[in-house]
Each structure stands twice: as C-alpha cells, then as structure tokens.
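Participant: For reference, the structure I am asking about is given below.
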Amino acid sequence: MWSYNPDAHYTPGTSLVGFKVEASDGHIGKVDEATEEVGASSIVVDTGPWIFGKHVLIPAGTVVRVDVKEEKISVNLTKDQIKDSPEYDKDTHRGDAAYRNQVGQYYGGDHN
C-alpha cells in the first residue's frame, strides 16, 4: 500500500509537487508534498475549495498512473473516499507512524 505500483509509471526522484490529482470520478486537488520513503511512500493532496482546503495523505499504492507530461496523477479512489479520509496536518502527522497506520486502515486494511 505504501509503495508505488510499477504500472503507475512513477520514476523515483520525480518531483510530484504541483501535479493535479484525479480520483476515479473527477479532479480532487493538487499535490502539496510527496515522499519516497521505503514502505511509507505517499502524496499529500491539497483539496482546495472542493472540501474547504483539507489536506489528505494518500498512500502511493493507490496511484494508478503518473503522467509527467500532463503533470497529472490518477488514483483508484473516489472523491467520497478521499473526502471522508482522516485529515492530514503536516505539523502533527508528518512522520507519525500511528497516523499512517490509521490512514492505511481507512484505505484498505492494515497491510503496510
């Protein structure tokens, strides 16, 4: 769950900050930060006005496609799944394993 799928066409070292993020049913925001930590890779999405500026942590394993040319990331989640996910606060949650486990359970079980 916390690693990029090889089929997603993600190249390690590529900066994803600023990329648009598309859920399976439409645009949800853009990447505010991204990590490549082994076993803990993720993107933080700024949802903007769509859900009142909420930031959400999305596991790298949900990324189905990275389009560097279009600067777009597609995830296999719906807008509602993302809207209902635990809110991310970079000052509180960055590097917090318990929070990451909570997000992992929300998105599909506790398999890290």
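Convention: chains lettered A, B, ... in structure tokens order; per-chain residue numbering from 1; ligands numbered from 1 as shown.
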Can you pull out the residues contacting A:Gly61? Cut-off 7 Å, using only C-alpha atoms, and skip same-chain residues under 6 positions away; I want them as a PyMOL selection string.

Facilitator: chain A and resi 1-5

Participant: Output all heavy atoms of each residue in that selection to a file, as a PDB file, in the first residue's frame.

Facilitator:
ATOM      1  N   MET A   1       0.803  -1.197   0.000  1.00  0.00           N
ATOM      2  CA  MET A   1       0.000   0.000   0.000  1.00  0.00           C
ATOM      3  C   MET A   1       0.851   1.268   0.000  1.00  0.00           C
ATOM      4  O   MET A   1       0.469   2.276  -0.554  1.00  0.00           O
ATOM      5  CB  MET A   1      -0.911  -0.011   1.230  1.00  0.00           C
ATOM      6  CG  MET A   1      -1.612   1.294   1.452  1.00  0.00           C
ATOM      7  SD  MET A   1      -2.852   1.266   2.737  1.00  0.00           S
ATOM      8  CE  MET A   1      -4.071   0.252   1.975  1.00  0.00           C
ATOM      9  N   TRP A   2       2.007   1.209   0.614  1.00  0.00           N
ATOM     10  CA  TRP A   2       2.840   2.404   0.764  1.00  0.00           C
ATOM     11  C   TRP A   2       4.007   2.433  -0.228  1.00  0.00           C
ATOM     12  O   TRP A   2       5.019   3.073   0.018  1.00  0.00           O
ATOM     13  CB  TRP A   2       3.340   2.498   2.198  1.00  0.00           C
ATOM     14  CG  TRP A   2       2.205   2.667   3.159  1.00  0.00           C
ATOM     15  CD1 TRP A   2       1.649   1.686   3.943  1.00  0.00           C
ATOM     16  CD2 TRP A   2       1.440   3.849   3.416  1.00  0.00           C
ATOM     17  NE1 TRP A   2       0.596   2.207   4.661  1.00  0.00           N
ATOM     18  CE2 TRP A   2       0.449   3.531   4.363  1.00  0.00           C
ATOM     19  CE3 TRP A   2       1.506   5.158   2.922  1.00  0.00           C
ATOM     20  CZ2 TRP A   2      -0.455   4.472   4.837  1.00  0.00           C
ATOM     21  CZ3 TRP A   2       0.598   6.084   3.394  1.00  0.00           C
ATOM     22  CH2 TRP A   2      -0.367   5.742   4.346  1.00  0.00           C
ATOM     23  N   SER A   3       3.842   1.742  -1.348  1.00  0.00           N
ATOM     24  CA  SER A   3       4.853   1.758  -2.414  1.00  0.00           C
ATOM     25  C   SER A   3       4.148   2.012  -3.743  1.00  0.00           C
ATOM     26  O   SER A   3       3.023   1.575  -3.945  1.00  0.00           O
ATOM     27  CB  SER A   3       5.581   0.413  -2.488  1.00  0.00           C
ATOM     28  OG  SER A   3       6.221   0.142  -1.268  1.00  0.00           O
ATOM     29  N   TYR A   4       4.846   2.710  -4.643  1.00  0.00           N
ATOM     30  CA  TYR A   4       4.273   2.968  -5.964  1.00  0.00           C
ATOM     31  C   TYR A   4       4.203   1.676  -6.762  1.00  0.00           C
ATOM     32  O   TYR A   4       5.152   0.895  -6.783  1.00  0.00           O
ATOM     33  CB  TYR A   4       5.116   3.994  -6.727  1.00  0.00           C
ATOM     34  CG  TYR A   4       4.963   5.391  -6.193  1.00  0.00           C
ATOM     35  CD1 TYR A   4       5.860   5.907  -5.266  1.00  0.00           C
ATOM     36  CD2 TYR A   4       3.907   6.200  -6.597  1.00  0.00           C
ATOM     37  CE1 TYR A   4       5.721   7.195  -4.767  1.00  0.00           C
ATOM     38  CE2 TYR A   4       3.755   7.489  -6.103  1.00  0.00           C
ATOM     39  CZ  TYR A   4       4.669   7.975  -5.196  1.00  0.00           C
ATOM     40  OH  TYR A   4       4.521   9.249  -4.698  1.00  0.00           O
ATOM     41  N   ASN A   5       3.087   1.444  -7.413  1.00  0.00           N
ATOM     42  CA  ASN A   5       2.899   0.297  -8.289  1.00  0.00           C
ATOM     43  C   ASN A   5       3.770   0.498  -9.528  1.00  0.00           C
ATOM     44  O   ASN A   5       3.756   1.582 -10.113  1.00  0.00           O
ATOM     45  CB  ASN A   5       1.413   0.216  -8.677  1.00  0.00           C
ATOM     46  CG  ASN A   5       1.091  -0.998  -9.501  1.00  0.00           C
ATOM     47  OD1 ASN A   5       1.858  -1.417 -10.359  1.00  0.00           O
ATOM     48  ND2 ASN A   5      -0.072  -1.547  -9.255  1.00  0.00           N
TER      49      ASN A   5
END

Participant: Fewer than 5 positions away in the same chain doesn't count, so skip those; otherwise give me all residues within 10 Å of A:Val75, counting only C-alpha atoms, as JSON, numbers by chain.

Facilitator: {"A": [8, 21, 22, 23, 24, 25, 58, 59, 60, 61, 62, 63, 64, 65, 66]}

Participant: Dump N, CA, C and O atoms for the selected residues as a CSV table (one decimal), in the first residue's frame?

Facilitator:
chain,number,residue,atom,x,y,z
A,8,ALA,N,2.3,2.2,-12.5
A,8,ALA,CA,1.9,3.6,-12.4
A,8,ALA,C,2.8,4.6,-13.2
A,8,ALA,O,2.5,5.7,-13.4
A,21,VAL,N,-4.4,16.0,-9.2
A,21,VAL,CA,-4.7,14.7,-8.8
A,21,VAL,C,-6.2,14.4,-9.2
A,21,VAL,O,-7.1,15.2,-8.9
A,22,GLU,N,-6.3,13.3,-9.9
A,22,GLU,CA,-7.7,12.9,-10.4
A,22,GLU,C,-8.1,11.6,-9.6
A,22,GLU,O,-7.4,10.6,-9.7
A,23,ALA,N,-9.3,11.7,-9.0
A,23,ALA,CA,-9.9,10.5,-8.4
A,23,ALA,C,-10.6,9.7,-9.6
A,23,ALA,O,-10.6,10.2,-10.7
A,24,SER,N,-11.1,8.6,-9.3
A,24,SER,CA,-11.8,7.8,-10.3
A,24,SER,C,-13.0,8.5,-10.9
A,24,SER,O,-13.4,8.2,-12.0
A,25,ASP,N,-13.5,9.5,-10.1
A,25,ASP,CA,-14.7,10.2,-10.6
A,25,ASP,C,-14.5,11.7,-10.7
A,25,ASP,O,-15.5,12.5,-10.6
A,58,ILE,N,-2.4,10.3,1.0
A,58,ILE,CA,-2.9,9.2,0.1
A,58,ILE,C,-1.7,8.3,-0.1
A,58,ILE,O,-0.6,8.7,-0.6
A,59,PRO,N,-1.9,7.0,0.2
A,59,PRO,CA,-0.8,6.0,0.1
A,59,PRO,C,-0.4,5.9,-1.4
A,59,PRO,O,-1.2,5.9,-2.3
A,60,ALA,N,0.9,5.7,-1.7
A,60,ALA,CA,1.4,5.6,-3.0
A,60,ALA,C,0.8,4.5,-3.8
A,60,ALA,O,0.7,4.5,-5.0
A,61,GLY,N,0.4,3.4,-3.1
A,61,GLY,CA,-0.2,2.2,-3.7
A,61,GLY,C,-1.5,2.5,-4.4
A,61,GLY,O,-2.0,1.7,-5.2
A,62,THR,N,-2.2,3.6,-4.1
A,62,THR,CA,-3.4,3.9,-4.7
A,62,THR,C,-3.2,4.7,-6.0
A,62,THR,O,-4.2,4.9,-6.8
A,63,VAL,N,-2.0,5.1,-6.3
A,63,VAL,CA,-1.7,5.8,-7.5
A,63,VAL,C,-1.6,4.8,-8.7
A,63,VAL,O,-0.9,3.8,-8.7
A,64,VAL,N,-2.5,5.0,-9.7
A,64,VAL,CA,-2.6,4.1,-10.8
A,64,VAL,C,-1.8,4.6,-12.0
A,64,VAL,O,-1.4,3.9,-12.9
A,65,ARG,N,-1.6,6.0,-12.1
A,65,ARG,CA,-0.8,6.5,-13.2
A,65,ARG,C,-0.2,7.9,-12.9
A,65,ARG,O,-0.9,8.7,-12.3
A,66,VAL,N,1.0,8.0,-13.2
A,66,VAL,CA,1.7,9.3,-13.1
A,66,VAL,C,2.0,9.8,-14.5
A,66,VAL,O,2.7,9.1,-15.3

Participant: When distances are computed from only C-alpha atoms, which of A:Ser41, A:Gly48, A:Pro12, A:Val56 shows the smallest separation from A:His93?

Facilitator: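 Looking only at the distances to A:His93, the closest residue turns out to be A:Val56.
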
Participant: Within 10 Å of stretch 26-29 of chain A, counting only C-alpha atoms, which residues show up once you throw out same-chain ones fewer than 2 positions away? Write them as a PyMOL selection string, please.

Facilitator: chain A and resi 18-24+31-32+44-51+53-55+72-74+77-80+82-83

Participant: Can you list, as number ranges by chain, every residue of chain A that DSSP puts in strand (DSSP E)?

Facilitator: A: 20-23, 26-35, 42-46, 55-59, 63-67, 72-75

Participant: Which residues, written as an mmCIF file with all heavy atoms, in the first residue's frame, have at least one atom at most 10 Å from stretch 94-103 of chain A, with only C-alpha atoms counted and residues fewer than 2 positions away on the same chain left out?

Facilitator:
data_model
loop_
_atom_site.group_PDB
_atom_site.id
_atom_site.type_symbol
_atom_site.label_atom_id
_atom_site.label_comp_id
_atom_site.auth_asym_id
_atom_site.auth_seq_id
_atom_site.Cartn_x
_atom_site.Cartn_y
_atom_site.Cartn_z
ATOM 1 N N TRP A 2 2.007 1.209 0.614
ATOM 2 C CA TRP A 2 2.840 2.404 0.764
ATOM 3 C C TRP A 2 4.007 2.433 -0.228
ATOM 4 O O TRP A 2 5.019 3.073 0.018
ATOM 5 C CB TRP A 2 3.340 2.498 2.198
ATOM 6 C CG TRP A 2 2.205 2.667 3.159
ATOM 7 C CD1 TRP A 2 1.649 1.686 3.943
ATOM 8 C CD2 TRP A 2 1.440 3.849 3.416
ATOM 9 N NE1 TRP A 2 0.596 2.207 4.661
ATOM 10 C CE2 TRP A 2 0.449 3.531 4.363
ATOM 11 C CE3 TRP A 2 1.506 5.158 2.922
ATOM 12 C CZ2 TRP A 2 -0.455 4.472 4.837
ATOM 13 C CZ3 TRP A 2 0.598 6.084 3.394
ATOM 14 C CH2 TRP A 2 -0.367 5.742 4.346
ATOM 15 N N ALA A 40 6.781 3.669 3.013
ATOM 16 C CA ALA A 40 5.971 4.772 3.540
ATOM 17 C C ALA A 40 5.759 5.867 2.489
ATOM 18 O O ALA A 40 5.547 7.015 2.825
ATOM 19 C CB ALA A 40 6.626 5.364 4.782
ATOM 20 N N SER A 42 4.020 8.258 -0.130
ATOM 21 C CA SER A 42 2.670 8.806 -0.172
ATOM 22 C C SER A 42 2.685 10.170 -0.843
ATOM 23 O O SER A 42 3.743 10.734 -1.108
ATOM 24 C CB SER A 42 2.127 8.962 1.249
ATOM 25 O OG SER A 42 2.961 9.833 2.000
ATOM 26 N N VAL A 56 -5.089 15.831 2.616
ATOM 27 C CA VAL A 56 -5.227 14.402 2.890
ATOM 28 C C VAL A 56 -3.964 13.666 2.470
ATOM 29 O O VAL A 56 -3.303 14.039 1.497
ATOM 30 C CB VAL A 56 -6.462 13.787 2.183
ATOM 31 C CG1 VAL A 56 -7.750 14.328 2.769
ATOM 32 C CG2 VAL A 56 -6.427 14.020 0.696
ATOM 33 N N LEU A 57 -3.620 12.638 3.225
ATOM 34 C CA LEU A 57 -2.487 11.774 2.913
ATOM 35 C C LEU A 57 -3.019 10.586 2.126
ATOM 36 O O LEU A 57 -3.963 9.924 2.564
ATOM 37 C CB LEU A 57 -1.837 11.290 4.212
ATOM 38 C CG LEU A 57 -0.607 10.400 4.046
ATOM 39 C CD1 LEU A 57 0.602 11.247 3.655
ATOM 40 C CD2 LEU A 57 -0.315 9.662 5.348
ATOM 41 N N ILE A 58 -2.434 10.344 0.971
ATOM 42 C CA ILE A 58 -2.884 9.238 0.125
ATOM 43 C C ILE A 58 -1.703 8.289 -0.101
ATOM 44 O O ILE A 58 -0.649 8.718 -0.568
ATOM 45 C CB ILE A 58 -3.432 9.761 -1.218
ATOM 46 C CG1 ILE A 58 -4.650 10.649 -0.958
ATOM 47 C CG2 ILE A 58 -3.767 8.613 -2.155
ATOM 48 C CD1 ILE A 58 -5.277 11.238 -2.196
ATOM 49 N N PRO A 59 -1.871 7.003 0.243
ATOM 50 C CA PRO A 59 -0.795 6.029 0.057
ATOM 51 C C PRO A 59 -0.391 5.905 -1.419
ATOM 52 O O PRO A 59 -1.247 5.928 -2.309
ATOM 53 C CB PRO A 59 -1.396 4.715 0.555
ATOM 54 C CG PRO A 59 -2.528 5.117 1.446
ATOM 55 C CD PRO A 59 -3.054 6.388 0.858
ATOM 56 N N SER A 85 -11.640 10.685 4.286
ATOM 57 C CA SER A 85 -10.406 10.160 4.875
ATOM 58 C C SER A 85 -9.949 11.032 6.047
ATOM 59 O O SER A 85 -10.370 12.184 6.172
ATOM 60 C CB SER A 85 -9.306 10.107 3.817
ATOM 61 O OG SER A 85 -8.895 11.416 3.465
ATOM 62 N N PRO A 86 -9.078 10.473 6.910
ATOM 63 C CA PRO A 86 -8.576 11.266 8.046
ATOM 64 C C PRO A 86 -7.815 12.498 7.532
ATOM 65 O O PRO A 86 -7.008 12.392 6.615
ATOM 66 C CB PRO A 86 -7.611 10.299 8.752
ATOM 67 C CG PRO A 86 -8.004 8.935 8.287
ATOM 68 C CD PRO A 86 -8.552 9.115 6.900
ATOM 69 N N GLU A 87 -8.104 13.649 8.128
ATOM 70 C CA GLU A 87 -7.436 14.885 7.691
ATOM 71 C C GLU A 87 -5.960 14.849 8.072
ATOM 72 O O GLU A 87 -5.579 14.323 9.108
ATOM 73 C CB GLU A 87 -8.111 16.108 8.305
ATOM 74 C CG GLU A 87 -7.548 17.405 7.762
ATOM 75 C CD GLU A 87 -8.455 18.602 7.972
ATOM 76 O OE1 GLU A 87 -9.520 18.458 8.609
ATOM 77 O OE2 GLU A 87 -8.103 19.680 7.480
ATOM 78 N N TYR A 88 -5.137 15.436 7.208
ATOM 79 C CA TYR A 88 -3.681 15.467 7.408
ATOM 80 C C TYR A 88 -3.266 16.854 7.869
ATOM 81 O O TYR A 88 -3.634 17.861 7.261
ATOM 82 C CB TYR A 88 -2.981 15.117 6.086
ATOM 83 C CG TYR A 88 -1.480 15.233 6.142
ATOM 84 C CD1 TYR A 88 -0.710 14.224 6.721
ATOM 85 C CD2 TYR A 88 -0.814 16.326 5.614
ATOM 86 C CE1 TYR A 88 0.667 14.314 6.771
ATOM 87 C CE2 TYR A 88 0.571 16.423 5.649
ATOM 88 C CZ TYR A 88 1.304 15.419 6.240
ATOM 89 O OH TYR A 88 2.676 15.506 6.286
ATOM 90 N N ASP A 89 -2.481 16.904 8.929
ATOM 91 C CA ASP A 89 -1.894 18.153 9.415
ATOM 92 C C ASP A 89 -0.389 17.942 9.434
ATOM 93 O O ASP A 89 0.117 17.136 10.211
ATOM 94 C CB ASP A 89 -2.423 18.463 10.814
ATOM 95 C CG ASP A 89 -1.829 19.745 11.390
ATOM 96 O OD1 ASP A 89 -0.620 20.000 11.208
ATOM 97 O OD2 ASP A 89 -2.580 20.504 12.030
ATOM 98 N N LYS A 90 0.337 18.670 8.559
ATOM 99 C CA LYS A 90 1.778 18.409 8.424
ATOM 100 C C LYS A 90 2.541 18.636 9.717
ATOM 101 O O LYS A 90 3.525 17.963 9.986
ATOM 102 C CB LYS A 90 2.380 19.221 7.283
ATOM 103 C CG LYS A 90 2.381 20.711 7.483
ATOM 104 C CD LYS A 90 2.960 21.397 6.268
ATOM 105 C CE LYS A 90 2.855 22.907 6.420
ATOM 106 N NZ LYS A 90 3.258 23.588 5.221
ATOM 107 N N ASP A 91 2.088 19.568 10.559
ATOM 108 C CA ASP A 91 2.792 19.817 11.815
ATOM 109 C C ASP A 91 2.596 18.696 12.826
ATOM 110 O O ASP A 91 3.450 18.442 13.656
ATOM 111 C CB ASP A 91 2.329 21.152 12.426
ATOM 112 C CG ASP A 91 2.673 22.332 11.530
ATOM 113 O OD1 ASP A 91 3.723 22.293 10.866
ATOM 114 O OD2 ASP A 91 1.871 23.287 11.484
ATOM 115 N N THR A 92 1.462 18.010 12.745
ATOM 116 C CA THR A 92 1.144 16.938 13.687
ATOM 117 C C THR A 92 1.464 15.560 13.132
ATOM 118 O O THR A 92 1.962 14.694 13.853
ATOM 119 C CB THR A 92 -0.368 16.979 14.033
ATOM 120 O OG1 THR A 92 -0.687 18.288 14.493
ATOM 121 C CG2 THR A 92 -0.727 15.958 15.089
ATOM 122 N N GLN A 105 -5.396 1.766 7.378
ATOM 123 C CA GLN A 105 -6.601 1.000 7.706
ATOM 124 C C GLN A 105 -7.814 1.594 6.997
ATOM 125 O O GLN A 105 -8.654 0.859 6.495
ATOM 126 C CB GLN A 105 -6.817 0.975 9.215
ATOM 127 C CG GLN A 105 -5.803 0.085 9.918
ATOM 128 C CD GLN A 105 -5.931 0.115 11.426
ATOM 129 O OE1 GLN A 105 -6.802 0.776 11.973
ATOM 130 N NE2 GLN A 105 -5.044 -0.601 12.099
ATOM 131 N N TYR A 106 -7.892 2.908 6.924
ATOM 132 C CA TYR A 106 -9.019 3.556 6.251
ATOM 133 C C TYR A 106 -9.060 3.149 4.769
ATOM 134 O O TYR A 106 -10.108 2.845 4.220
ATOM 135 C CB TYR A 106 -8.917 5.086 6.380
ATOM 136 C CG TYR A 106 -9.976 5.773 5.541
ATOM 137 C CD1 TYR A 106 -11.284 5.884 5.996
ATOM 138 C CD2 TYR A 106 -9.671 6.269 4.283
ATOM 139 C CE1 TYR A 106 -12.270 6.471 5.211
ATOM 140 C CE2 TYR A 106 -10.647 6.849 3.485
ATOM 141 C CZ TYR A 106 -11.949 6.952 3.961
ATOM 142 O OH TYR A 106 -12.905 7.519 3.171
ATOM 143 N N TYR A 107 -7.894 3.140 4.126
ATOM 144 C CA TYR A 107 -7.835 2.869 2.689
ATOM 145 C C TYR A 107 -7.766 1.396 2.311
ATOM 146 O O TYR A 107 -7.598 1.075 1.157
ATOM 147 C CB TYR A 107 -6.677 3.614 2.037
ATOM 148 C CG TYR A 107 -6.972 5.068 1.797
ATOM 149 C CD1 TYR A 107 -6.161 6.039 2.367
ATOM 150 C CD2 TYR A 107 -8.046 5.477 1.032
ATOM 151 C CE1 TYR A 107 -6.423 7.385 2.152
ATOM 152 C CE2 TYR A 107 -8.304 6.812 0.817
ATOM 153 C CZ TYR A 107 -7.493 7.766 1.375
ATOM 154 O OH TYR A 107 -7.748 9.086 1.167
ATOM 155 N N GLY A 108 -7.839 0.501 3.279
ATOM 156 C CA GLY A 108 -7.888 -0.877 2.827
ATOM 157 C C GLY A 108 -7.209 -1.909 3.687
ATOM 158 O O GLY A 108 -6.655 -2.866 3.191
ATOM 159 N N GLY A 109 -7.212 -1.710 4.952
ATOM 160 C CA GLY A 109 -6.647 -2.726 5.815
ATOM 161 C C GLY A 109 -5.296 -2.313 6.343
ATOM 162 O O GLY A 109 -4.737 -1.301 5.953
ATOM 163 N N ASP A 110 -4.775 -3.109 7.214
ATOM 164 C CA ASP A 110 -3.519 -2.731 7.876
ATOM 165 C C ASP A 110 -2.301 -3.368 7.231
ATOM 166 O O ASP A 110 -1.263 -3.501 7.846
ATOM 167 C CB ASP A 110 -3.593 -3.065 9.369
ATOM 168 C CG ASP A 110 -4.047 -4.486 9.617
ATOM 169 O OD1 ASP A 110 -4.113 -5.260 8.657
ATOM 170 O OD2 ASP A 110 -4.329 -4.821 10.781
ATOM 171 N N HIS A 111 -2.409 -3.765 5.981
ATOM 172 C CA HIS A 111 -1.219 -4.306 5.290
ATOM 173 C C HIS A 111 -0.379 -3.137 4.804
ATOM 174 O O HIS A 111 -0.781 -2.380 3.962
ATOM 175 C CB HIS A 111 -1.634 -5.230 4.146
ATOM 176 C CG HIS A 111 -2.629 -4.611 3.204
ATOM 177 N ND1 HIS A 111 -3.980 -4.600 3.473
ATOM 178 C CD2 HIS A 111 -2.466 -3.978 2.030
ATOM 179 C CE1 HIS A 111 -4.611 -3.992 2.484
ATOM 180 N NE2 HIS A 111 -3.711 -3.594 1.617
ATOM 181 N N ASN A 112 0.804 -2.979 5.402
ATOM 182 C CA ASN A 112 1.680 -1.846 5.063
ATOM 183 C C ASN A 112 2.492 -2.120 3.828
ATOM 184 O O ASN A 112 2.963 -3.124 3.566
ATOM 185 C CB ASN A 112 2.611 -1.533 6.236
ATOM 186 C CG ASN A 112 1.822 -0.958 7.398
ATOM 187 O OD1 ASN A 112 0.723 -0.427 7.210
ATOM 188 N ND2 ASN A 112 2.362 -1.087 8.584
#
